[in-house]
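Content type mmCIF, C-alpha atoms; chains and numbers go by the auth columns, from the file data39.cif:
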data_final
#
loop_
_atom_site.group_PDB
_atom_site.id
_atom_site.type_symbol
_atom_site.label_atom_id
_atom_site.label_comp_id
_atom_site.label_asym_id
_atom_site.label_seq_id
_atom_site.Cartn_x
_atom_site.Cartn_y
_atom_site.Cartn_z
_atom_site.B_iso_or_equiv
_atom_site.auth_seq_id
_atom_site.auth_asym_id
ATOM 1 C CA MET A 1 86.471 113.490 78.302 0.00 52 A
ATOM 2 C CA THR A 2 86.964 112.267 74.771 0.00 53 A
ATOM 3 C CA ALA A 3 89.183 109.298 74.029 0.00 54 A
ATOM 4 C CA LYS A 4 91.761 111.453 72.260 0.00 55 A
ATOM 5 C CA THR A 5 91.988 113.869 75.196 0.00 56 A
ATOM 6 C CA LEU A 6 92.170 110.981 77.632 0.00 57 A
ATOM 7 C CA LEU A 7 95.016 109.399 75.669 0.00 58 A
ATOM 8 C CA LYS A 8 96.929 112.692 75.614 0.00 59 A
ATOM 9 C CA GLU A 9 96.496 113.103 79.380 0.00 60 A
ATOM 10 C CA LEU A 10 97.665 109.544 80.009 0.00 61 A
ATOM 11 C CA ILE A 11 100.759 110.036 77.872 0.00 62 A
ATOM 12 C CA ARG A 12 101.477 113.325 79.656 0.00 63 A
ATOM 13 C CA GLU A 13 101.295 111.646 83.073 0.00 64 A
ATOM 14 C CA LEU A 14 103.434 108.743 81.876 0.00 65 A
ATOM 15 C CA ARG A 15 106.010 111.216 80.626 0.00 66 A
ATOM 16 C CA LEU A 16 106.068 112.931 84.031 0.00 67 A
ATOM 17 C CA THR A 17 106.485 109.644 85.903 0.00 68 A
ATOM 18 C CA ASN A 18 108.751 107.839 83.420 0.00 69 A
ATOM 19 C CA ASN A 19 111.928 107.224 85.406 0.00 70 A
ATOM 20 C CA SER A 20 113.225 103.786 84.516 0.00 71 A
ATOM 21 C CA TYR A 21 113.054 103.874 80.701 0.00 72 A
ATOM 22 C CA GLY A 22 115.016 106.118 78.389 0.00 73 A
ATOM 23 C CA ASN A 23 112.280 106.602 75.818 0.00 74 A
ATOM 24 C CA LEU A 24 108.635 106.760 76.754 0.00 75 A
ATOM 25 C CA TRP A 25 107.524 104.697 73.754 0.00 76 A
ATOM 26 C CA GLU A 26 109.737 101.811 74.908 0.00 77 A
ATOM 27 C CA SER A 27 107.982 101.493 78.281 0.00 78 A
ATOM 28 C CA PRO A 28 105.530 98.603 78.703 0.00 79 A
ATOM 29 C CA ALA A 29 102.846 100.908 80.115 0.00 80 A
ATOM 30 C CA TYR A 30 102.937 103.114 77.018 0.00 81 A
ATOM 31 C CA GLN A 31 102.787 100.105 74.686 0.00 82 A
ATOM 32 C CA PHE A 32 99.880 98.601 76.651 0.00 83 A
ATOM 33 C CA ILE A 33 97.847 101.826 76.625 0.00 84 A
ATOM 34 C CA LEU A 34 98.331 102.429 72.903 0.00 85 A
ATOM 35 C CA LYS A 35 97.513 98.816 72.047 0.00 86 A
ATOM 36 C CA ASN A 36 94.249 98.983 74.024 0.00 87 A
ATOM 37 C CA PHE A 37 93.228 102.351 72.576 0.00 88 A
ATOM 38 C CA ARG A 38 93.819 101.087 69.033 0.00 89 A
ATOM 39 C CA ARG A 39 92.018 97.804 69.689 0.00 90 A
ATOM 40 C CA ASN A 40 88.921 99.498 71.143 0.00 91 A
ATOM 41 C CA GLN A 41 88.508 102.284 68.614 0.00 92 A
ATOM 42 C CA VAL A 42 84.934 102.780 67.487 0.00 93 A
ATOM 43 C CA THR A 43 84.140 103.266 63.815 0.00 94 A
ATOM 44 C CA ALA A 44 80.984 104.812 62.394 0.00 95 A
ATOM 45 C CA GLU A 45 79.546 101.364 61.615 0.00 96 A
ATOM 46 C CA GLN A 46 79.984 99.718 64.992 0.00 97 A
ATOM 47 C CA THR A 47 79.282 100.361 68.626 0.00 98 A
ATOM 48 C CA CYS A 48 81.791 98.884 70.992 0.00 99 A
ATOM 49 C CA LYS A 49 80.871 98.141 74.598 0.00 100 A
ATOM 50 C CA ALA A 50 84.543 97.563 75.322 0.00 101 A
ATOM 51 C CA GLN A 51 85.213 101.183 74.275 0.00 102 A
ATOM 52 C CA GLN A 52 83.214 102.478 77.235 0.00 103 A
ATOM 53 C CA GLU A 53 84.850 99.987 79.552 0.00 104 A
ATOM 54 C CA SER A 54 88.344 100.818 78.315 0.00 105 A
ATOM 55 C CA GLN A 55 87.620 104.528 78.586 0.00 106 A
ATOM 56 C CA TYR A 56 86.548 104.016 82.203 0.00 107 A
ATOM 57 C CA MET A 57 89.706 101.991 82.919 0.00 108 A
ATOM 58 C CA ALA A 58 91.877 104.638 81.231 0.00 109 A
ATOM 59 C CA ASP A 59 90.210 107.374 83.265 0.00 110 A
ATOM 60 C CA THR A 60 90.800 105.375 86.450 0.00 111 A
ATOM 61 C CA TYR A 61 94.449 104.799 85.519 0.00 112 A
ATOM 62 C CA LEU A 62 94.883 108.510 84.775 0.00 113 A
ATOM 63 C CA CYS A 63 93.493 109.354 88.208 0.00 114 A
ATOM 64 C CA TYR A 64 95.913 106.847 89.759 0.00 115 A
ATOM 65 C CA LEU A 65 98.911 108.313 87.925 0.00 116 A
ATOM 66 C CA LYS A 66 98.037 111.892 88.885 0.00 117 A
ATOM 67 C CA SER A 67 97.411 110.951 92.504 0.00 118 A
ATOM 68 C CA SER A 68 100.662 109.001 92.731 0.00 119 A
ATOM 69 C CA ARG A 69 102.647 111.898 91.293 0.00 120 A
ATOM 70 C CA ILE A 70 101.055 114.432 93.645 0.00 121 A
ATOM 71 C CA ALA A 71 101.551 112.127 96.648 0.00 122 A
ATOM 72 C CA ALA A 72 105.227 111.754 95.791 0.00 123 A
ATOM 73 C CA GLN A 73 105.599 115.531 95.527 0.00 124 A
ATOM 74 C CA LEU A 74 103.911 116.035 98.895 0.00 125 A
ATOM 75 C CA ARG A 75 105.999 113.295 100.498 0.00 126 A
ATOM 76 C CA HIS A 76 109.157 114.907 99.162 0.00 127 A
ATOM 77 C CA GLU A 77 108.134 118.384 100.362 0.00 128 A
ATOM 78 C CA PHE A 78 106.998 117.430 103.859 0.00 129 A
ATOM 79 C CA HIS A 79 109.237 114.444 104.569 0.00 130 A
ATOM 80 C CA GLY A 80 110.692 114.580 108.039 0.00 131 A
ATOM 81 C CA GLN A 81 114.090 116.217 108.080 0.00 132 A
ATOM 82 C CA GLY A 82 114.722 115.678 111.754 0.00 133 A
ATOM 83 C CA GLU A 83 113.516 118.035 114.418 0.00 134 A
ATOM 84 C CA ARG A 84 112.129 121.322 113.124 0.00 135 A
ATOM 85 C CA THR A 85 112.034 124.604 114.937 0.00 136 A
ATOM 86 C CA VAL A 86 108.734 126.182 115.870 0.00 137 A
ATOM 87 C CA ARG A 87 109.400 129.000 113.411 0.00 138 A
ATOM 88 C CA SER A 88 110.122 126.648 110.470 0.00 139 A
ATOM 89 C CA THR A 89 106.997 124.610 111.245 0.00 140 A
ATOM 90 C CA ALA A 90 104.874 127.767 111.411 0.00 141 A
ATOM 91 C CA ASP A 91 106.369 129.007 108.130 0.00 142 A
ATOM 92 C CA MET A 92 105.718 125.638 106.471 0.00 143 A
ATOM 93 C CA VAL A 93 101.993 125.667 107.299 0.00 144 A
ATOM 94 C CA GLY A 94 101.536 129.409 106.757 0.00 145 A
ATOM 95 C CA PHE A 95 101.157 130.623 110.342 0.00 146 A
ATOM 96 C CA LYS A 96 102.859 133.634 111.869 0.00 147 A
ATOM 97 C CA LEU A 97 104.345 133.525 115.341 0.00 148 A
ATOM 98 C CA PRO A 98 103.321 136.162 117.871 0.00 149 A
ATOM 99 C CA HIS A 99 106.019 138.668 118.638 0.00 150 A
ATOM 100 C CA ASP A 100 107.660 138.661 122.054 0.00 151 A
ATOM 101 C CA PRO A 101 106.435 141.652 124.084 0.00 152 A
ATOM 102 C CA LYS A 102 109.805 141.956 125.897 0.00 153 A
#
Mind converting the file's structure to structure tokens?
Amino acid sequence: MTAKTLLKELIRELRLTNNSYGNLWESPAYQFILKNFRRNQVTAEQTCKAQQESQYMADTYLCYLKSSRIAAQLRHEFHGQGERTVRSTADMVGFKLPHDPK
């Protein structure tokens, strides 16, 4: 994944998980990510070892953000709502109940 694509994905995930700040660009996470991407940009004349390291860290952070968002969605969907009926449990996991022969 290129650095530009990685930055776009990170900003997208931050936008999806941004709850406490009004504007995304005011959040400390957004400021930190942009500052590090700008600091570790590679020009044609230089090779930056920190660029590879920061790209790895950004990729790891992106994975963390996606996983956290998906875990929260799953927790919300399957959170215990008290006792469930057999039919609602079967419907939730995609099973069909056998019909009563009587």
Nearest residue to Trp76 in chain A from the set A:Phe146, A:Ala122, A:Thr136, A:Ile62 (distances using all atoms listed in the file): A:Ile62
Result set of the PyMOL selection byres ((chain A and resi 59) around 12) on the coordinates above, as a PyMOL selection string: chain A and resi 52-58+60-66+81+84-85+88+109-110+113
Go ahead and dump the residues you just picked, C-alpha atoms, as a short mmCIF file (atom, residue, chain, number, x, y, z; two decimals), in the frame of the given file.
data_model
loop_
_atom_site.label_atom_id
_atom_site.label_comp_id
_atom_site.auth_asym_id
_atom_site.auth_seq_id
_atom_site.Cartn_x
_atom_site.Cartn_y
_atom_site.Cartn_z
CA MET A 52 86.47 113.49 78.30
CA THR A 53 86.96 112.27 74.77
CA ALA A 54 89.18 109.30 74.03
CA LYS A 55 91.76 111.45 72.26
CA THR A 56 91.99 113.87 75.20
CA LEU A 57 92.17 110.98 77.63
CA LEU A 58 95.02 109.40 75.67
CA GLU A 60 96.50 113.10 79.38
CA LEU A 61 97.66 109.54 80.01
CA ILE A 62 100.76 110.04 77.87
CA ARG A 63 101.48 113.32 79.66
CA GLU A 64 101.30 111.65 83.07
CA LEU A 65 103.43 108.74 81.88
CA ARG A 66 106.01 111.22 80.63
CA TYR A 81 102.94 103.11 77.02
CA ILE A 84 97.85 101.83 76.62
CA LEU A 85 98.33 102.43 72.90
CA PHE A 88 93.23 102.35 72.58
CA ALA A 109 91.88 104.64 81.23
CA ASP A 110 90.21 107.37 83.26
CA LEU A 113 94.88 108.51 84.78
#
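For the choices A:Glu77, A:Leu67, A:Asn87, A:Gly131, the atom-to-atom distance to Lys117 in chain A is smallest for A:Leu67 when using all atoms listed in the file.
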Top pick for closest residue to Asn69 in chain A, considering A:Arg135, A:Lys147, A:Arg120, A:Arg89 and counting all atoms listed in the file: A:Arg120
Atom pair CA of Arg126 in chain A / CA of Leu75 in chain A: separation (Å):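 CA of Leu75 in chain A lies at a distance of 24.8 Å from CA of Arg126 in chain A.
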Within 10 Å of Met143 in chain A using all atoms listed in the file, minus same-chain residues under 4 positions, as a PyMOL selection string: chain A and resi 128-129+137-139
Between CA of Ile121 in chain A and CA of Thr68 in chain A, distance in Å (one decimal): 10.6 Å
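Across the structure, CA of Asn74 in chain A and CA of Glu104 in chain A are spaced 28.5 Å apart.
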Save range 131-144 of chain A from what I just supplied, as a JSON list (two decimals), in the first residue's frame, atoms limited to all heavy atoms.
[["chain", "number", "residue", "atom", "x", "y", "z"],
["A", 131, "GLY", "N", -25.96, -9.01, 24.75],
["A", 131, "GLY", "CA", -27.06, -9.68, 25.42],
["A", 131, "GLY", "C", -28.21, -8.75, 25.73],
["A", 131, "GLY", "O", -28.03, -7.69, 26.31],
["A", 132, "GLN", "N", -29.37, -9.12, 25.30],
["A", 132, "GLN", "CA", -30.57, -8.32, 25.55],
["A", 132, "GLN", "C", -31.50, -9.11, 26.46],
["A", 132, "GLN", "O", -32.71, -9.14, 26.27],
["A", 132, "GLN", "CB", -31.27, -7.99, 24.24],
["A", 132, "GLN", "CG", -30.38, -7.23, 23.28],
["A", 132, "GLN", "CD", -30.94, -7.21, 21.88],
["A", 132, "GLN", "OE1", -31.90, -7.88, 21.56],
["A", 132, "GLN", "NE2", -30.32, -6.43, 21.02],
["A", 133, "GLY", "N", -30.97, -9.78, 27.43],
["A", 133, "GLY", "CA", -31.77, -10.63, 28.28],
["A", 133, "GLY", "C", -31.89, -12.01, 27.68],
["A", 133, "GLY", "O", -31.11, -12.41, 26.82],
["A", 134, "GLU", "N", -32.88, -12.72, 28.11],
["A", 134, "GLU", "CA", -33.09, -14.08, 27.63],
["A", 134, "GLU", "C", -33.72, -14.04, 26.24],
["A", 134, "GLU", "O", -34.68, -13.33, 25.99],
["A", 134, "GLU", "CB", -34.02, -14.81, 28.61],
["A", 134, "GLU", "CG", -34.03, -16.30, 28.47],
["A", 134, "GLU", "CD", -32.71, -16.96, 28.85],
["A", 134, "GLU", "OE1", -31.98, -16.41, 29.69],
["A", 134, "GLU", "OE2", -32.43, -18.02, 28.30],
["A", 135, "ARG", "N", -33.17, -14.81, 25.32],
["A", 135, "ARG", "CA", -33.71, -14.88, 23.97],
["A", 135, "ARG", "C", -34.50, -16.17, 23.81],
["A", 135, "ARG", "O", -34.21, -17.17, 24.45],
["A", 135, "ARG", "CB", -32.58, -14.87, 22.93],
["A", 135, "ARG", "CG", -31.76, -13.61, 22.90],
["A", 135, "ARG", "CD", -30.71, -13.73, 21.80],
["A", 135, "ARG", "NE", -29.71, -12.71, 21.91],
["A", 135, "ARG", "CZ", -29.71, -11.60, 21.18],
["A", 135, "ARG", "NH1", -30.65, -11.39, 20.30],
["A", 135, "ARG", "NH2", -28.76, -10.71, 21.33],
["A", 136, "THR", "N", -35.44, -16.13, 22.89],
["A", 136, "THR", "CA", -36.17, -17.35, 22.58],
["A", 136, "THR", "C", -35.32, -18.22, 21.67],
["A", 136, "THR", "O", -34.35, -17.75, 21.06],
["A", 136, "THR", "CB", -37.50, -17.02, 21.88],
["A", 136, "THR", "OG1", -37.20, -16.42, 20.61],
["A", 136, "THR", "CG2", -38.36, -16.10, 22.72],
["A", 137, "VAL", "N", -35.70, -19.47, 21.58],
["A", 137, "VAL", "CA", -34.98, -20.40, 20.70],
["A", 137, "VAL", "C", -35.10, -19.93, 19.26],
["A", 137, "VAL", "O", -34.13, -19.96, 18.49],
["A", 137, "VAL", "CB", -35.51, -21.83, 20.88],
["A", 137, "VAL", "CG1", -34.86, -22.78, 19.88],
["A", 137, "VAL", "CG2", -35.28, -22.32, 22.30],
["A", 138, "ARG", "N", -36.27, -19.46, 18.88],
["A", 138, "ARG", "CA", -36.49, -19.01, 17.51],
["A", 138, "ARG", "C", -35.61, -17.79, 17.18],
["A", 138, "ARG", "O", -34.99, -17.71, 16.13],
["A", 138, "ARG", "CB", -37.95, -18.66, 17.27],
["A", 138, "ARG", "CG", -38.20, -18.10, 15.86],
["A", 138, "ARG", "CD", -39.65, -18.01, 15.51],
["A", 138, "ARG", "NE", -40.36, -19.27, 15.51],
["A", 138, "ARG", "CZ", -40.24, -20.21, 14.56],
["A", 138, "ARG", "NH1", -39.41, -20.01, 13.56],
["A", 138, "ARG", "NH2", -40.92, -21.31, 14.62],
["A", 139, "SER", "N", -35.54, -16.80, 18.09],
["A", 139, "SER", "CA", -34.73, -15.61, 17.82],
["A", 139, "SER", "C", -33.24, -15.96, 17.77],
["A", 139, "SER", "O", -32.50, -15.39, 16.96],
["A", 139, "SER", "CB", -35.00, -14.52, 18.85],
["A", 139, "SER", "OG", -34.50, -14.90, 20.11],
["A", 140, "THR", "N", -32.80, -16.88, 18.60],
["A", 140, "THR", "CA", -31.40, -17.32, 18.55],
["A", 140, "THR", "C", -31.10, -18.03, 17.24],
["A", 140, "THR", "O", -30.07, -17.80, 16.61],
["A", 140, "THR", "CB", -31.09, -18.25, 19.73],
["A", 140, "THR", "OG1", -31.42, -17.58, 20.94],
["A", 140, "THR", "CG2", -29.62, -18.63, 19.74],
["A", 141, "ALA", "N", -32.01, -18.90, 16.81],
["A", 141, "ALA", "CA", -31.82, -19.61, 15.53],
["A", 141, "ALA", "C", -31.82, -18.63, 14.37],
["A", 141, "ALA", "O", -31.00, -18.75, 13.46],
["A", 141, "ALA", "CB", -32.91, -20.65, 15.35],
["A", 142, "ASP", "N", -32.70, -17.65, 14.40],
["A", 142, "ASP", "CA", -32.74, -16.64, 13.33],
["A", 142, "ASP", "C", -31.46, -15.82, 13.31],
["A", 142, "ASP", "O", -30.95, -15.46, 12.24],
["A", 142, "ASP", "CB", -33.94, -15.71, 13.51],
["A", 142, "ASP", "CG", -35.26, -16.41, 13.21],
["A", 142, "ASP", "OD1", -35.24, -17.47, 12.54],
["A", 142, "ASP", "OD2", -36.31, -15.90, 13.67],
["A", 143, "MET", "N", -30.92, -15.51, 14.50],
["A", 143, "MET", "CA", -29.72, -14.68, 14.59],
["A", 143, "MET", "C", -28.51, -15.38, 13.96],
["A", 143, "MET", "O", -27.69, -14.75, 13.30],
["A", 143, "MET", "CB", -29.42, -14.35, 16.05],
["A", 143, "MET", "CG", -28.23, -13.43, 16.23],
["A", 143, "MET", "SD", -28.00, -12.87, 17.91],
["A", 143, "MET", "CE", -27.73, -14.36, 18.80],
["A", 144, "VAL", "N", -28.39, -16.69, 14.15],
["A", 144, "VAL", "CA", -27.23, -17.41, 13.62],
["A", 144, "VAL", "C", -27.51, -18.06, 12.26],
["A", 144, "VAL", "O", -26.63, -18.67, 11.68],
["A", 144, "VAL", "CB", -26.71, -18.47, 14.61],
["A", 144, "VAL", "CG1", -26.18, -17.82, 15.85],
["A", 144, "VAL", "CG2", -27.76, -19.50, 14.94]]
